[in-house]
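> Next up, query_11.cif (mmCIF, C-alpha atoms and all ligand atoms).
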data_data
loop_
_atom_site.label_atom_id
_atom_site.label_comp_id
_atom_site.auth_asym_id
_atom_site.auth_seq_id
_atom_site.Cartn_x
_atom_site.Cartn_y
_atom_site.Cartn_z
CA MET H 180 0.00 0.00 0.00
CA ALA H 181 2.78 2.41 0.97
CA SER H 182 4.56 1.88 -2.33
CA GLU H 183 1.29 2.27 -4.24
CA LYS H 184 0.83 5.70 -2.62
CA ALA H 185 4.41 6.65 -3.43
CA ARG H 186 4.04 5.43 -7.02
CA LEU H 187 0.93 7.56 -7.55
CA LYS H 188 2.59 10.62 -6.03
CA ASP H 189 5.62 10.07 -8.23
CA LYS H 190 3.40 9.96 -11.34
CA ILE H 191 1.66 13.20 -10.28
CA VAL H 192 4.97 14.96 -9.56
CA ARG H 193 6.39 13.90 -12.91
CA LYS H 194 3.29 15.01 -14.74
CA ALA H 195 3.31 18.38 -12.96
CA LYS H 196 7.01 18.97 -13.66
CA ALA H 197 6.51 18.08 -17.33
CA LEU H 198 3.82 20.78 -17.37
CA ASP H 199 6.27 23.40 -15.99
CA ILE H 200 5.18 23.41 -12.34
CA ASN H 201 8.02 24.72 -10.12
CA LEU H 202 6.88 23.51 -6.70
CA ILE H 203 4.51 20.76 -5.62
CA GLY H 204 3.44 19.39 -2.21
CA VAL H 205 0.74 17.27 -0.59
CA ALA H 206 -1.26 18.37 2.47
CA PRO H 207 -3.46 15.80 4.25
CA VAL H 208 -6.80 17.46 5.10
CA LYS H 209 -6.33 16.69 8.80
CA ARG H 210 -3.74 19.51 8.89
CA TRP H 211 -6.55 22.09 8.58
CA GLN H 212 -7.91 20.81 11.89
CA GLU H 213 -4.54 20.31 13.59
CA GLN H 214 -3.17 23.76 12.70
CA HIS H 215 -6.50 25.60 12.70
CA LEU H 216 -5.34 28.78 10.88
CA ASN H 217 -8.70 29.59 9.30
CA ASP H 218 -12.40 29.04 10.05
CA GLU H 219 -13.88 25.57 9.65
CA GLU H 220 -16.12 26.66 6.76
CA PHE H 221 -12.95 27.01 4.62
CA TRP H 222 -11.57 23.53 5.38
CA PRO H 223 -11.51 21.18 2.38
CA GLN H 224 -13.01 18.24 4.34
CA ASN H 225 -16.00 20.41 5.30
CA ILE H 226 -16.57 21.55 1.73
CA TRP H 227 -15.87 18.20 0.00
CA PRO H 228 -16.47 15.45 2.62
CA TRP H 229 -14.58 12.80 0.60
CA ALA H 230 -11.37 14.88 0.46
CA LYS H 231 -8.24 13.21 1.89
CA ASN H 232 -5.41 15.26 0.40
CA VAL H 233 -4.78 18.61 -1.23
CA ILE H 234 -2.05 18.77 -3.86
CA VAL H 235 -0.67 22.30 -4.11
CA LEU H 236 1.16 23.55 -7.21
CA ALA H 237 3.20 26.72 -7.65
CA MET H 238 4.58 28.55 -10.68
CA GLN H 239 7.25 31.19 -10.45
CA ILE H 240 6.87 34.89 -11.23
CA PHE H 241 9.94 36.27 -13.03
CA PRO H 242 11.77 39.10 -11.18
CA GLY H 243 12.47 41.12 -14.34
CA MET H 244 8.71 41.35 -14.91
CA ILE H 245 7.26 41.74 -11.39
CA GLU H 246 9.75 44.49 -10.59
CA THR H 247 7.98 46.72 -13.15
CA THR H 248 4.72 46.51 -11.20
CA PRO H 249 2.22 48.12 -11.44
CA SER H 250 2.59 47.63 -15.21
CA VAL H 251 1.06 46.04 -18.27
CA VAL H 252 4.08 43.70 -18.35
CA TYR H 253 3.28 42.26 -14.91
CA SER H 254 -0.42 42.25 -15.72
CA GLU H 255 0.24 40.00 -18.73
CA LEU H 256 2.45 37.68 -16.68
CA TYR H 257 -0.30 37.44 -14.07
CA ASN H 258 -2.77 36.38 -16.78
CA THR H 259 -0.32 33.85 -18.24
CA THR H 260 0.40 32.12 -14.92
CA ASN H 261 -3.32 32.12 -14.05
CA ARG H 262 -4.15 30.41 -17.33
CA LEU H 263 -1.36 27.86 -16.99
CA LEU H 264 -2.17 27.02 -13.35
CA ASP H 265 -5.83 26.38 -14.10
CA ASP H 266 -4.90 24.29 -17.17
CA VAL H 267 -2.29 22.18 -15.36
CA SER H 268 -4.48 21.57 -12.31
CA TYR H 269 -7.39 20.58 -14.58
CA ARG H 270 -5.12 18.06 -16.32
CA ILE H 271 -3.88 16.53 -13.08
CA ALA H 272 -7.42 16.31 -11.67
CA ASN H 273 -8.49 14.74 -14.95
CA PHE H 274 -5.67 12.20 -14.71
CA LEU H 275 -6.71 11.27 -11.14
CA ASN H 276 -10.35 10.82 -12.22
CA GLU H 277 -9.22 8.55 -15.06
CA GLU H 278 -7.29 6.50 -12.47
CA GLY H 279 -10.54 6.04 -10.50
CA TYR H 280 -10.16 8.72 -7.78
CA ARG H 281 -12.29 11.69 -6.91
CA ALA H 282 -10.44 14.90 -7.76
CA HIS H 283 -10.94 18.46 -8.94
CA PHE H 284 -9.04 21.71 -8.80
CA PHE H 285 -9.90 24.86 -6.92
CA PRO H 286 -9.18 27.67 -9.43
CA ARG H 287 -6.14 29.78 -8.68
CA ASP H 288 -8.28 32.75 -7.53
CA CYS H 289 -12.04 32.24 -7.74
CA TYR H 290 -13.67 35.66 -7.62
CA GLY H 291 -15.78 37.31 -10.29
CA ASP H 292 -14.31 40.79 -10.16
CA ILE H 293 -12.13 42.94 -7.91
CA SER H 294 -15.31 44.79 -6.80
CA ALA H 295 -16.31 41.58 -4.95
CA LEU H 296 -12.99 41.63 -3.03
CA VAL H 297 -13.52 45.27 -2.10
CA LYS H 298 -16.69 44.12 -0.32
CA ARG H 299 -15.23 40.89 1.12
CA PRO H 300 -11.56 40.13 0.47
CA GLU H 301 -11.51 36.34 0.64
CA ALA H 302 -12.27 33.27 -1.45
CA ALA H 303 -14.01 29.99 -0.60
CA PHE H 304 -10.64 28.24 -0.30
CA SER H 305 -7.17 29.62 0.52
CA HIS H 306 -4.18 28.43 -1.53
CA VAL H 307 -1.75 30.22 0.83
CA ILE H 308 -2.88 28.12 3.77
CA ALA H 309 -2.95 24.96 1.59
CA GLY H 310 0.60 25.72 0.37
CA TYR H 311 1.80 26.15 3.95
CA TYR H 312 0.27 22.82 5.00
CA ALA H 313 1.77 21.18 1.88
CA GLY H 314 5.28 22.26 2.90
CA LEU H 315 5.89 24.68 0.02
CA GLY H 316 6.83 27.55 2.31
CA THR H 317 5.76 29.55 5.36
CA ILE H 318 3.38 32.49 5.73
CA GLY H 319 5.31 35.76 5.69
CA LEU H 320 4.75 39.03 7.48
CA ASN H 321 2.96 40.23 4.33
CA HIS H 322 0.42 37.31 4.40
CA THR H 323 1.82 35.63 1.28
CA LEU H 324 3.42 32.20 1.09
CA ILE H 325 7.20 32.65 1.16
CA THR H 326 9.27 29.92 -0.47
CA LYS H 327 13.01 29.29 -0.31
CA LYS H 328 13.45 29.25 -4.08
CA TYR H 329 11.22 32.11 -5.21
CA GLY H 330 10.31 34.02 -2.04
CA PRO H 331 6.66 35.10 -2.46
CA ARG H 332 7.10 35.35 -6.26
CA ILE H 333 4.87 32.40 -7.04
CA ARG H 334 1.25 31.80 -7.91
CA LEU H 335 -0.65 28.86 -6.52
CA VAL H 336 -3.42 26.40 -7.29
CA SER H 337 -4.78 23.35 -5.42
CA ILE H 338 -6.19 19.95 -6.38
CA ILE H 339 -8.53 18.31 -3.90
CA THR H 340 -8.61 14.51 -4.02
CA ASP H 341 -9.55 11.33 -2.15
CA ALA H 342 -6.40 9.59 -3.44
CA GLU H 343 -4.12 8.28 -0.66
CA LEU H 344 -0.77 10.03 -1.05
CA PRO H 345 2.36 10.39 1.12
CA ALA H 346 2.20 13.73 2.96
CA SER H 347 4.85 16.37 2.34
CA ARG H 348 6.69 17.64 5.41
CA MET H 349 5.78 21.12 6.60
CA LEU H 350 8.73 23.48 6.96
CA LYS H 351 9.99 23.82 10.54
CA GLU H 352 11.95 27.03 10.08
CA ASP H 353 10.33 30.34 9.14
CA VAL H 354 11.33 31.43 5.64
CA CYS H 355 10.34 35.07 6.29
CA ILE H 356 13.30 36.95 7.82
CA ARG H 357 11.13 39.78 9.26
CA CYS H 358 13.08 42.45 7.36
CA GLN H 359 9.91 44.52 6.74
CA ALA H 360 10.90 45.33 3.14
CA CYS H 361 7.33 44.38 2.13
CA ILE H 362 5.88 46.83 4.62
CA ARG H 363 8.06 49.66 3.35
CA ALA H 364 7.29 48.82 -0.30
CA CYS H 365 3.50 49.06 0.03
CA PRO H 366 2.27 52.21 -1.75
CA MET H 367 -0.95 52.13 0.30
CA GLN H 368 0.71 51.66 3.73
CA ALA H 369 -1.60 48.68 4.18
CA PHE H 370 0.59 46.99 6.82
CA THR H 371 1.28 47.69 10.46
CA TRP H 372 3.42 45.31 12.47
CA LYS H 373 4.47 45.03 16.08
CA LYS H 374 7.56 42.95 16.83
CA GLY H 375 6.57 39.47 17.96
CA GLU H 376 3.37 39.28 15.91
CA PRO H 377 3.49 36.33 13.45
CA VAL H 378 1.98 38.31 10.55
CA ALA H 379 1.48 42.05 10.05
CA ASN H 380 -1.93 43.56 10.47
CA MET H 381 -3.16 44.17 6.91
CA ASP H 382 -5.79 46.62 5.70
CA LYS H 383 -7.09 44.39 2.91
CA HIS H 384 -9.76 46.89 1.97
CA LYS H 385 -7.12 49.52 1.16
CA CYS H 386 -5.21 47.00 -0.95
CA ALA H 387 -8.37 45.86 -2.79
CA LEU H 388 -9.48 49.45 -3.47
CA TYR H 389 -6.07 50.23 -4.93
CA HIS H 390 -6.41 47.16 -7.16
CA GLN H 391 -9.77 48.41 -8.39
CA GLN H 392 -8.08 51.61 -9.52
CA LEU H 393 -5.16 49.74 -11.10
CA LYS H 394 -7.54 47.57 -13.09
CA GLN H 395 -9.02 50.60 -14.83
CA GLU H 396 -5.51 51.73 -15.73
CA PHE H 397 -4.45 48.30 -17.12
CA HIS H 398 -1.89 48.13 -14.33
CA TYR H 399 -3.48 45.29 -12.40
CA PRO H 400 -2.35 43.82 -9.98
CA CYS H 401 0.10 45.55 -7.62
CA GLY H 402 2.26 42.96 -5.84
CA ARG H 403 5.00 45.36 -4.76
CA CYS H 404 5.08 43.60 -1.39
CA ALA H 405 6.06 40.42 -3.27
CA ALA H 406 8.51 42.10 -5.65
CA ALA H 407 10.40 43.72 -2.74
CA CYS H 408 10.91 40.58 -0.65
CA PRO H 409 14.64 39.71 -0.59
CA VAL H 410 14.07 36.02 0.15
CA GLY H 411 14.55 33.53 -2.68
CA LEU H 412 17.25 32.01 -4.86
CA ASP H 413 15.70 33.91 -7.78
CA LYS H 414 16.72 37.23 -6.16
CA LYS H 415 20.26 35.92 -5.66
CA ARG H 416 20.45 34.84 -9.31
CA TYR H 417 19.36 38.24 -10.68
CA GLY H 418 20.98 40.40 -8.01
CA ALA H 419 20.01 44.06 -8.25
CA ASN H 420 19.97 43.87 -12.04
CA ALA H 421 16.75 42.06 -12.91
CA ILE H 422 15.79 45.28 -14.70
CA SER H 423 17.23 48.81 -14.82
CA ALA H 424 15.51 51.78 -13.15
CA GLU H 425 14.88 53.23 -16.61
CA GLY H 426 13.58 49.86 -17.79
CA ILE H 427 11.04 49.75 -14.98
CA LEU H 428 9.57 53.09 -15.97
CA HIS H 429 9.77 52.21 -19.66
CA CYS H 430 7.78 49.00 -19.18
CA ARG H 431 5.28 50.77 -16.94
CA ASP H 432 4.58 53.39 -19.57
CA PHE H 433 3.69 51.46 -22.70
CA GLY H 434 0.18 50.09 -23.02
CA ALA H 435 -1.14 51.78 -19.87
CA ALA H 436 -4.39 53.74 -19.80
CA ASP H 437 -2.76 57.14 -20.08
CA ALA H 438 0.25 56.08 -22.12
CA GLY H 439 -0.39 59.05 -24.40
CA GLU H 440 0.56 61.48 -21.65
CA ILE H 441 4.12 60.25 -21.32
CA LYS H 442 6.84 62.80 -21.71
CA LYS H 443 10.55 62.14 -21.64
CA GLN H 444 12.46 64.76 -19.76
CA LYS H 445 15.90 65.76 -20.85
CA GLY H 446 18.62 64.34 -18.66
CA SER H 447 16.31 62.27 -16.47
CA VAL H 448 14.46 59.00 -16.78
CA VAL H 449 10.94 58.83 -18.16
CA ARG H 450 8.64 60.08 -15.44
CA ILE H 451 5.63 57.82 -14.99
CA ALA H 452 2.71 56.18 -16.79
CA GLY H 453 -0.65 55.51 -15.13
CA ARG H 454 -2.39 57.82 -12.69
CA ALA H 455 -1.84 55.35 -9.85
CA ALA H 456 1.83 55.04 -10.64
CA LYS H 457 2.12 58.80 -10.85
CA LYS H 458 0.50 59.24 -7.48
CA ASN H 459 2.43 56.55 -5.69
CA PHE H 460 5.81 56.51 -7.37
CA GLY H 461 6.11 59.82 -9.14
C1 LIG H 501 -8.85 37.71 -1.67
C2 LIG H 501 -7.45 37.74 -2.23
C3 LIG H 501 -6.75 38.94 -2.18
C4 LIG H 501 -7.24 40.14 -1.39
C5 LIG H 501 -6.97 39.85 0.13
C6 LIG H 501 -5.53 39.33 0.39
C7 LIG H 501 -5.36 38.43 1.62
N1 LIG H 501 -4.13 38.41 2.11
O1 LIG H 501 -6.27 37.79 2.09
C8 LIG H 501 -6.42 41.30 -2.00
C9 LIG H 501 -7.16 41.94 -3.15
C10 LIG H 501 -6.02 42.37 -1.00
C11 LIG H 501 -5.24 40.52 -2.58
C12 LIG H 501 -4.03 41.07 -2.87
C13 LIG H 501 -2.95 40.34 -3.35
N2 LIG H 501 -2.92 39.07 -3.75
CO1 LIG H 501 -4.42 37.89 -3.58
N3 LIG H 501 -5.71 36.58 -3.36
C14 LIG H 501 -6.86 36.58 -2.80
C15 LIG H 501 -7.50 35.17 -2.88
C16 LIG H 501 -8.48 35.18 -4.06
C17 LIG H 501 -8.19 34.67 -1.62
C18 LIG H 501 -7.35 34.86 -0.35
C19 LIG H 501 -8.14 34.63 0.92
O2 LIG H 501 -9.13 33.92 0.95
N4 LIG H 501 -7.70 35.26 1.99
C20 LIG H 501 -8.27 35.08 3.33
C21 LIG H 501 -7.18 34.58 4.33
C22 LIG H 501 -6.84 33.14 4.08
O3 LIG H 501 -6.16 35.48 4.22
P1 LIG H 501 -4.77 35.73 4.97
O4 LIG H 501 -4.57 37.20 5.07
O5 LIG H 501 -3.74 35.04 4.20
O6 LIG H 501 -4.96 35.24 6.43
C23 LIG H 501 -4.29 34.19 6.94
C24 LIG H 501 -2.90 34.52 7.48
O7 LIG H 501 -2.86 35.81 8.00
C25 LIG H 501 -2.76 33.46 8.48
N5 LIG H 501 -2.32 33.82 9.81
C26 LIG H 501 -2.92 34.59 10.72
N6 LIG H 501 -2.27 34.49 11.87
C27 LIG H 501 -1.26 33.61 11.68
C28 LIG H 501 -0.33 33.12 12.56
C29 LIG H 501 0.61 32.21 12.07
C30 LIG H 501 1.60 31.65 13.04
C31 LIG H 501 0.63 31.83 10.73
C32 LIG H 501 1.65 30.88 10.20
C33 LIG H 501 -0.34 32.33 9.86
C34 LIG H 501 -1.27 33.20 10.36
O8 LIG H 501 -4.03 32.85 8.68
C35 LIG H 501 -5.02 33.69 8.14
C36 LIG H 501 -6.28 32.93 7.86
O9 LIG H 501 -7.19 33.11 8.82
C37 LIG H 501 -6.23 34.28 -3.16
C38 LIG H 501 -6.51 33.05 -4.04
C39 LIG H 501 -7.08 31.93 -3.20
N7 LIG H 501 -8.22 31.43 -3.56
O10 LIG H 501 -6.45 31.54 -2.24
C40 LIG H 501 -5.27 35.27 -3.82
C41 LIG H 501 -3.80 35.17 -3.44
C42 LIG H 501 -3.69 35.09 -1.93
N8 LIG H 501 -3.26 36.45 -3.88
C43 LIG H 501 -2.04 36.38 -4.30
C44 LIG H 501 -1.26 37.51 -4.65
C45 LIG H 501 0.06 37.22 -5.34
C46 LIG H 501 -1.70 38.79 -4.34
C47 LIG H 501 -0.94 40.09 -4.52
C48 LIG H 501 0.58 40.05 -4.35
C49 LIG H 501 -1.29 40.79 -5.84
C50 LIG H 501 -0.65 40.14 -7.03
N9 LIG H 501 -1.31 39.20 -7.63
O11 LIG H 501 0.43 40.52 -7.43
C51 LIG H 501 -1.59 40.96 -3.41
C52 LIG H 501 -0.85 40.71 -2.06
C53 LIG H 501 -1.59 41.14 -0.89
C54 LIG H 501 -1.09 40.48 0.39
N10 LIG H 501 0.06 40.90 0.86
O12 LIG H 501 -1.77 39.60 0.95
C55 LIG H 501 -1.54 34.94 -4.33
C56 LIG H 501 -0.52 34.71 -3.20
C57 LIG H 501 0.73 33.99 -3.66
C58 LIG H 501 1.64 33.78 -2.50
N11 LIG H 501 2.92 33.76 -2.74
O13 LIG H 501 1.21 33.62 -1.40
C59 LIG H 501 -2.90 34.13 -4.19
C60 LIG H 501 -2.79 32.82 -3.43
C61 LIG H 501 -3.39 33.87 -5.62
C62 LIG H 501 -2.70 32.67 -6.29
N12 LIG H 501 -3.47 31.78 -6.85
O14 LIG H 501 -1.50 32.54 -6.27
N13 LIG H 501 -5.55 39.18 -2.75
S1 LIG H 502 -0.38 44.31 -3.21
FE1 LIG H 502 0.38 46.43 -3.23
S2 LIG H 502 -1.17 47.61 -2.11
FE2 LIG H 502 -1.54 45.44 -1.66
S3 LIG H 502 -0.44 45.04 0.24
FE3 LIG H 502 0.94 44.48 -1.43
S4 LIG H 502 2.14 46.34 -1.83
FE4 LIG H 502 0.35 46.96 -0.61
S1 LIG H 503 9.98 41.28 2.76
FE1 LIG H 503 10.98 40.56 4.64
S2 LIG H 503 9.36 40.71 6.22
FE2 LIG H 503 8.34 40.84 4.22
S3 LIG H 503 7.73 38.73 3.75
FE3 LIG H 503 9.74 39.04 2.79
S4 LIG H 503 11.21 38.35 4.33
FE4 LIG H 503 9.25 38.62 5.39
#
Using C-alpha cells, write down the structure that the file contains.
Ligand code: B12
Ligand code: SF4
Ligand code: SF4

Amino acid sequence: MASEKARLKDKIVRKAKALDINLIGVAPVKRWQEQHLNDEEFWPQNIWPWAKNVIVLAMQIFPGMIETTPSVVYSELYNTTNRLLDDVSYRIANFLNEEGYRAHFFPRDCYGDISALVKRPEAAFSHVIAGYYAGLGTIGLNHTLITKKYGPRIRLVSIITDAELPASRMLKEDVCIRCQACIRACPMQAFTWKKGEPVANMDKHKCALYHQQLKQEFHYPCGRCAAACPVGLDKKRYGANAISAEGILHCRDFGAADAGEIKKQKGSVVRIAGRAAKKNFG
C-alpha cells in the first residue's frame, strides 16, 4: 500500500514537472484541523467530505517582470500564470479521475471581479494556507506564502482529491526573515506590524481598493510587497539587475491607460505612466 501511494505521487509529480510546475506538495486534510489557521467553513473536508489530500502547485513569477509593477508587463504575466495554473491543475485532476479517484481543482483565484474583493476580500478556499500545510513555504509578514526558491514570487493552485498520497513535510523554520521590506514597499501603507506578531496587520480593503483603480488603468495587480521581498534564490540569481531603473519606468509606460501622456524629460528617466503610478511613485 505504501509503495502504491508513493508510485501515484511520483506519477503526479512527474506530470506536474513536465507541465512546468516549479513547486509541488501534498497536504493531508487533517492539517486544517490540527493547525486551525482559518475558520472551519474554509476547510476542504467540510466543503468536499470525501477529500483526503490537497495537492498544491506553484509557478514562479519572473523578477524582471514583477519588478515593473504596477505595469502592463506584470499584468500580462499574471494572466499567463493564471491560465497555466488552471490548465495544469485541470489536467492533473483529470488524470486522477481517469485512475478512478475523486479529484478536482480549486481555481487559482475564484472571484468574479475585484469589486467583490472590495466588499469581502476572501475566497471559498485559501491556496496560501494549503501551500503552507503542503510544505511549500511559510506564511510571511505580508500574508503571502514565502518559499526558499522564489520568495513570495509564485502563484498557486490546489487539487482536492480522495487519493491516498504520502504527505509532504511542513517546513519547521520560518522562511520570512522579518526584514519589513514588504511593509516599506507598500504604496498604500496597508501593513502595520508590532515585533513578535506572526503576521502584520493588513488593511485588505485599502489594498483591494487600490487594485480596483489599477484595473481601470491596465496596471493590475500591484504585488509590490512580493517584488520587494529579498528572500529567494531567484533574487540571488538576478541580483540588483533584474531590470534597470529606466527599464522599470519604460515597461510601466507602454500600453497603460494614459500612455499618451508620457513625456521624456531631458537628462532624467521617463517620469511615470498611469495615474496610480504617478500618485504613488512619481
Ligand atoms: C482575496 C485575495 C486577495 C485580497 C486579500 C488578500 C489576503 N491576504 O487575504 C487582496 C485583493 C487584497 C489581494 C491582494 C494580493 N494578492 Co491575492 N488573493 C486573494 C484570494 C483570491 C483569496 C485569499 C483569501 O481567501 N484570503 C483570506 C485569508 C486566508 O487570508 P490571509 O490574510 O492570508 O490570512 C491568513 C494569514 O494571515 C494566516 N495567519 C494569521 N495568523 C497567523 C499566525 C501564524 C503563526 C501563521 C503561520 C499564519 C497566520 O491565517 C489567516 C487565515 O485566517 C487568493 C486566491 C485563493 N483562492 O487563495 C489570492 C492570493 C492570496 N493572492 C495572491 C497575490 C500574489 C496577491 C498580490 C501580491 C497581488 C498580485 N497578484 O500581485 C496581493 C498581495 C496582498 C497580500 N500581501 O496579501 C496569491 C498569493 C501567492 C503567495 N505567494 O502567497 C494568491 C494565493 C493567488 C494565487 N493563486 O497565487 N488578494
Ligand atoms: S499588493 Fe500592493 S497595495 Fe496590496 S499590500 Fe501588497 S504592496 Fe500593498
Ligand atoms: S519582505 Fe521581509 S518581512 Fe516581508 S515577507 Fe519578505 S522576508 Fe518577510
> Would you mind listing, for every residue of chain H within 8 Å of ligand LIG 502 (chain H), the two atoms forming the shortest contact and the distance between them in Å to one decimal, using all atoms listed in the file, sorted by chain and ascending residue number, as JSON lines?

{"residue": "H:Asn321", "atom": "CA", "partner": "H:LIG502", "partner_atom": "S3", "distance": 7.2}
{"residue": "H:Cys361", "atom": "CA", "partner": "H:LIG502", "partner_atom": "S4", "distance": 6.8}
{"residue": "H:Ile362", "atom": "CA", "partner": "H:LIG502", "partner_atom": "S4", "distance": 7.5}
{"residue": "H:Ala364", "atom": "CA", "partner": "H:LIG502", "partner_atom": "S4", "distance": 5.9}
{"residue": "H:Cys365", "atom": "CA", "partner": "H:LIG502", "partner_atom": "S4", "distance": 3.6}
{"residue": "H:Pro366", "atom": "CA", "partner": "H:LIG502", "partner_atom": "FE4", "distance": 5.7}
{"residue": "H:Met367", "atom": "CA", "partner": "H:LIG502", "partner_atom": "S2", "distance": 5.1}
{"residue": "H:Gln368", "atom": "CA", "partner": "H:LIG502", "partner_atom": "FE4", "distance": 6.4}
{"residue": "H:Ala369", "atom": "CA", "partner": "H:LIG502", "partner_atom": "FE4", "distance": 5.5}
{"residue": "H:Phe370", "atom": "CA", "partner": "H:LIG502", "partner_atom": "S3", "distance": 6.9}
{"residue": "H:Met381", "atom": "CA", "partner": "H:LIG502", "partner_atom": "S3", "distance": 7.3}
{"residue": "H:Asp382", "atom": "CA", "partner": "H:LIG502", "partner_atom": "S3", "distance": 7.8}
{"residue": "H:Lys383", "atom": "CA", "partner": "H:LIG502", "partner_atom": "S3", "distance": 7.2}
{"residue": "H:Lys385", "atom": "CA", "partner": "H:LIG502", "partner_atom": "S2", "distance": 7.1}
{"residue": "H:Cys386", "atom": "CA", "partner": "H:LIG502", "partner_atom": "FE2", "distance": 4.1}
{"residue": "H:Ala387", "atom": "CA", "partner": "H:LIG502", "partner_atom": "FE2", "distance": 6.9}
{"residue": "H:Tyr389", "atom": "CA", "partner": "H:LIG502", "partner_atom": "S2", "distance": 6.2}
{"residue": "H:His390", "atom": "CA", "partner": "H:LIG502", "partner_atom": "S2", "distance": 7.3}
{"residue": "H:Pro400", "atom": "CA", "partner": "H:LIG502", "partner_atom": "S1", "distance": 7.1}
{"residue": "H:Cys401", "atom": "CA", "partner": "H:LIG502", "partner_atom": "FE1", "distance": 4.5}
{"residue": "H:Gly402", "atom": "CA", "partner": "H:LIG502", "partner_atom": "S1", "distance": 4.0}
{"residue": "H:Arg403", "atom": "CA", "partner": "H:LIG502", "partner_atom": "S4", "distance": 4.2}
{"residue": "H:Cys404", "atom": "CA", "partner": "H:LIG502", "partner_atom": "S4", "distance": 4.0}
{"residue": "H:Ala405", "atom": "CA", "partner": "H:LIG502", "partner_atom": "FE3", "distance": 6.8}
> Which is closest to H:Glu376 among H:His283, H:Glu220, H:Leu320, H:Trp229, if we use all atoms listed in the file?
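Checking each of H:His283, H:Glu220, H:Leu320, H:Trp229 against H:Glu376, counting all atoms listed in the file, the winner is H:Leu320.
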> Select the residues contacting ligand LIG 501 (chain H) at a distance of at most 6 Å, based on all atoms listed in the file, then format the selection as a tab-separated table (two decimals) with C-alpha atoms, keeping the file's coordinate frame.

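This is the output file selection.tsv:
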chain	number	residue	atom	x	y	z
H	216	LEU	CA	-5.34	28.78	10.88
H	217	ASN	CA	-8.70	29.59	9.30
H	287	ARG	CA	-6.14	29.78	-8.68
H	288	ASP	CA	-8.28	32.75	-7.53
H	289	CYS	CA	-12.04	32.24	-7.74
H	296	LEU	CA	-12.99	41.63	-3.03
H	300	PRO	CA	-11.56	40.13	0.47
H	301	GLU	CA	-11.51	36.34	0.64
H	302	ALA	CA	-12.27	33.27	-1.45
H	304	PHE	CA	-10.64	28.24	-0.30
H	305	SER	CA	-7.17	29.62	0.52
H	306	HIS	CA	-4.18	28.43	-1.53
H	307	VAL	CA	-1.75	30.22	0.83
H	318	ILE	CA	3.38	32.49	5.73
H	321	ASN	CA	2.96	40.23	4.33
H	322	HIS	CA	0.42	37.31	4.40
H	323	THR	CA	1.82	35.63	1.28
H	324	LEU	CA	3.42	32.20	1.09
H	325	ILE	CA	7.20	32.65	1.16
H	331	PRO	CA	6.66	35.10	-2.46
H	332	ARG	CA	7.10	35.35	-6.26
H	333	ILE	CA	4.87	32.40	-7.04
H	334	ARG	CA	1.25	31.80	-7.91
H	335	LEU	CA	-0.65	28.86	-6.52
H	336	VAL	CA	-3.42	26.40	-7.29
H	377	PRO	CA	3.49	36.33	13.45
H	378	VAL	CA	1.98	38.31	10.55
H	383	LYS	CA	-7.09	44.39	2.91
H	386	CYS	CA	-5.21	47.00	-0.95
H	387	ALA	CA	-8.37	45.86	-2.79
H	400	PRO	CA	-2.35	43.82	-9.98
H	401	CYS	CA	0.10	45.55	-7.62
H	402	GLY	CA	2.26	42.96	-5.84
H	405	ALA	CA	6.06	40.42	-3.27
> Have a look at H:Ala346, H:Ile339, H:Leu187, H:Cys408 and name the one nearest to H:Gly319; count all atoms listed in the file.
H:Cys408
> Between atom CA of H:Tyr312 and atom CA of H:Lys374, what distance in Å does the model show, to one decimal?
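Rounded to one decimal, the two atoms are 24.5 Å apart.
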> Here is a test: counting all atoms listed in the file, which residue of H:Ser294, H:Ser423, H:Thr317, H:Ser337 is nearest to H:Ser268?
H:Ser337
> To test the calculation: enclose all listed atoms of ligand LIG 503 (chain H) in a box whose edges run along x, y and z, add 4 Å on each side, then state centre and edge lengths in Å to one decimal, as AutoDock Vina command-line options.

--center_x 9.5 --center_y 39.8 --center_z 4.5 --size_x 11.5 --size_y 10.9 --size_z 11.5
> From the list H:Met244, H:Ile338, H:Ala282, H:Leu202, which residue is nearest H:Tyr257 when using all atoms listed in the file?
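Ranking H:Met244, H:Ile338, H:Ala282, H:Leu202 by distance to H:Tyr257, first place goes to H:Met244.
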> Which residues are close to H:Lys184, i.e. within 10 Å by all atoms listed in the file, leaving aside same-chain residues fewer than 4 positions away? Reply as an MDAnalysis selection string.
chainID H and resid 180 188:189 342:346
> Would you mind exporting the chosen residues as an mmCIF file, in the frame of the given file, restricted to C-alpha atoms?

data_model
loop_
_atom_site.group_PDB
_atom_site.id
_atom_site.type_symbol
_atom_site.label_atom_id
_atom_site.label_comp_id
_atom_site.auth_asym_id
_atom_site.auth_seq_id
_atom_site.Cartn_x
_atom_site.Cartn_y
_atom_site.Cartn_z
ATOM 1 C CA MET H 180 0.000 0.000 0.000
ATOM 2 C CA LYS H 188 2.590 10.620 -6.030
ATOM 3 C CA ASP H 189 5.620 10.070 -8.230
ATOM 4 C CA ALA H 342 -6.400 9.590 -3.440
ATOM 5 C CA GLU H 343 -4.120 8.280 -0.660
ATOM 6 C CA LEU H 344 -0.770 10.030 -1.050
ATOM 7 C CA PRO H 345 2.360 10.390 1.120
ATOM 8 C CA ALA H 346 2.200 13.730 2.960
#
> Here is a test: counting all atoms listed in the file, which residue of H:Asp353, H:Asp292, H:Asp341, H:Asp413 is nearest to ligand LIG 503 (chain H)?
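Counting all atoms listed in the file, the residue closest to ligand LIG 503 (chain H) is H:Asp353.
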> Rank H:Arg431, H:His215, H:Arg357, H:Arg348 by their smallest atom-to-atom distance to ligand LIG 503 (chain H), using all atoms listed in the file, and report the top residue only.
H:Arg357
> Which value, in Å to one decimal, gives the distance between atom CA of H:Cys430 and atom CA of H:Ser254?
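That distance, rounded to one decimal, is 11.2 Å.
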> Go ahead and compute the interatomic distance for atom CA of H:Phe221 and atom CA of H:Ala303, in Å to one decimal.
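Value for the atom CA of H:Phe221-atom CA of H:Ala303 distance: 6.1 Å.
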> Just the residues within 10 Å of H:Leu256, please, counting only C-alpha atoms, with nothing from its chain fewer than 5 positions along; format it as a PyMOL selection string.
chain H and resi 240-241+244-245+251+261-262
> What's around H:Glu219 at 12 Å? Count only C-alpha atoms, leave out sequence neighbours fewer than 4 positions away in its own chain, and write the answer as a list in words.
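Listing them by chain and then by number gives Val208, Lys209, Arg210, Trp211, Gln212, Glu213, Gln214, His215, Pro223, Gln224, Asn225, Ile226, Ala303 and Phe304 of chain H.
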> Which polymer residues, protein or nucleic acid, are no farther than 10 Å from (16.4, 33.4, 0.3), counting all atoms listed in the file, as a PyMOL selection string?
chain H and resi 325-330+354-356+408-415
